[in-house]
Each structure stands twice: as C-alpha cells, then as structure tokens.
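So the structure is just underneath, and the comments pick up after that.
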Amino acid sequence: MNYQYLMDSCACQLGVFSPTEILRSYDTYQFNNYSRYDAAQFDEHHKAEVRATLPLSSTP
C-alpha cells in the first residue's frame with residue numbers, strides 16, 4: 001500500500017478548506033500506565049526515552 005500517496009491525496013482533499021499539514025507519529029505511548037496492561041511487546045522504558053528527547057512544539 002502506498003501510504004505517501006494516500007496521505008497526499010487526503011491533504012489535497014482537506015486543503016480546500018485551509019492549508020493542511022500531516023503529522024506522522026510512530027514511536028508513541030500506547031498507554032498512560034503500562035503496569036495496568038499485559039503489553040510485553042512494548043518497551044515502556046524505550047518509549048519514555050523517546051518521549052523525553054522529542055520536543056513538543058506548537059504551531060500558531
């Protein structure tokens with residue numbers, strides 16, 4: 001599947017209302033509290049490191 005094509009076509013369709021930006025987020029937290037879930041496939045410590053190193057920015 002060509003995700004870039006899908007994202008671009010969605011952005012074009014939404015662009016008729018206003019300028020559109022695409023935010024891709026890959027290595028995100030899945031849960032607020034990993035100890036409450038059986039989710040061994042996720043490394044909470046790794047995700048915490050990624051979260052701490054990526055700055056959160058806001059656009060006007």
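Identifiers in this document derive from the order of the structure tokens: chains are assigned A, B, ..., residues are numbered from 1 separately in each chain, and ligands are numbered from 1 in order of occurrence.
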For this session: Name all residues at most 12 Å from stretch 41-44 of chain A (count only C-alpha atoms; drop same-chain ones fewer than 6 positions away) and give them as a list in words.
Result: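 Listed by chain and then number, they are Asp27, Thr28, Tyr29, Gln30, Phe31, Asn32, Asn33, Tyr34, Ser35, Val50 and Arg51 of chain A.
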Could those residues be written to a file, using N, CA and C atoms, as an mmCIF file, in the first residue's frame?
```cif
data_model
loop_
_atom_site.group_PDB
_atom_site.id
_atom_site.type_symbol
_atom_site.label_atom_id
_atom_site.label_comp_id
_atom_site.auth_asym_id
_atom_site.auth_seq_id
_atom_site.Cartn_x
_atom_site.Cartn_y
_atom_site.Cartn_z
ATOM 1 N N ASP A 27 6.601 6.240 17.112
ATOM 2 C CA ASP A 27 7.006 5.561 18.353
ATOM 3 C C ASP A 27 6.355 6.268 19.537
ATOM 4 N N THR A 28 5.067 6.071 19.697
ATOM 5 C CA THR A 28 4.295 6.806 20.691
ATOM 6 C C THR A 28 3.917 5.931 21.877
ATOM 7 N N TYR A 29 3.533 6.593 22.963
ATOM 8 C CA TYR A 29 3.000 5.869 24.115
ATOM 9 C C TYR A 29 1.678 5.233 23.716
ATOM 10 N N GLN A 30 1.466 4.003 24.119
ATOM 11 C CA GLN A 30 0.207 3.319 23.854
ATOM 12 C C GLN A 30 -0.748 3.459 25.033
ATOM 13 N N PHE A 31 -0.194 3.565 26.241
ATOM 14 C CA PHE A 31 -0.977 3.638 27.471
ATOM 15 C C PHE A 31 -0.351 4.668 28.403
ATOM 16 N N ASN A 32 -1.147 5.212 29.300
ATOM 17 C CA ASN A 32 -0.607 6.119 30.316
ATOM 18 C C ASN A 32 0.115 5.350 31.414
ATOM 19 N N ASN A 33 -0.350 4.130 31.705
ATOM 20 C CA ASN A 33 0.229 3.317 32.771
ATOM 21 C C ASN A 33 0.393 1.892 32.252
ATOM 22 N N TYR A 34 1.600 1.535 31.868
ATOM 23 C CA TYR A 34 1.858 0.226 31.268
ATOM 24 C C TYR A 34 1.672 -0.915 32.268
ATOM 25 N N SER A 35 1.783 -0.642 33.553
ATOM 26 C CA SER A 35 1.646 -1.713 34.543
ATOM 27 C C SER A 35 0.216 -2.242 34.623
ATOM 28 N N VAL A 50 12.231 8.069 24.237
ATOM 29 C CA VAL A 50 11.840 8.756 23.002
ATOM 30 C C VAL A 50 10.996 9.973 23.328
ATOM 31 N N ARG A 51 10.056 9.806 24.226
ATOM 32 C CA ARG A 51 9.172 10.913 24.605
ATOM 33 C C ARG A 51 9.954 12.067 25.221
#
```
Problem set entry | Interatomic distance (Å, one decimal) between atom CA of A:Glu21 and atom CA of A:Tyr5 |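 If I compute the distance from atom CA of A:Glu21 to atom CA of A:Tyr5, I get 14.4 Å.
DSSP secondary structure from the backbone places Tyr3, Gln4, Tyr5, Leu6, Met7, Asp8, Ser9, Cys10, Ala11, Cys12, Gln13, Leu14, Glu44, His45, His46, Lys47, Ala48, Glu49, Val50, Arg51, Ala52 and Thr53 of chain A of chain A in alpha helix (DSSP H).
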Problem set entry | Two-atom distance - atom CA of A:Asn2, atom CA of A:Leu14 (Å) |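 It comes out at 18.7 Å.
Those residues that approach A:Ser9 to within 12 Å, counting only C-alpha atoms, are Asn2, Tyr3, Gly15, Val16, Thr20 and Ile22 of chain A; same-chain residues fewer than 6 positions away are not listed.
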Generate a file of the selected residues that holds C-alpha atoms, formatted as a PDB file, in the first residue's frame.
```pdb
ATOM      1  CA  ASN A   2       1.338   3.426  -0.904  1.00  0.00           C
ATOM      2  CA  TYR A   3       0.812   5.445   2.273  1.00  0.00           C
ATOM      3  CA  GLY A  15      -6.746  21.608   1.607  1.00  0.00           C
ATOM      4  CA  VAL A  16      -9.877  23.046   0.018  1.00  0.00           C
ATOM      5  CA  THR A  20      -3.154  21.209   5.612  1.00  0.00           C
ATOM      6  CA  ILE A  22       0.459  15.994   8.027  1.00  0.00           C
TER       7      ILE A  22
END
```
For this session: Between atom CA of A:His46 and atom CA of A:Arg24, measure the distance and give it in Å to one decimal.
Result: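 Pair atom CA of A:His46 / atom CA of A:Arg24 returns 18.7 Å.
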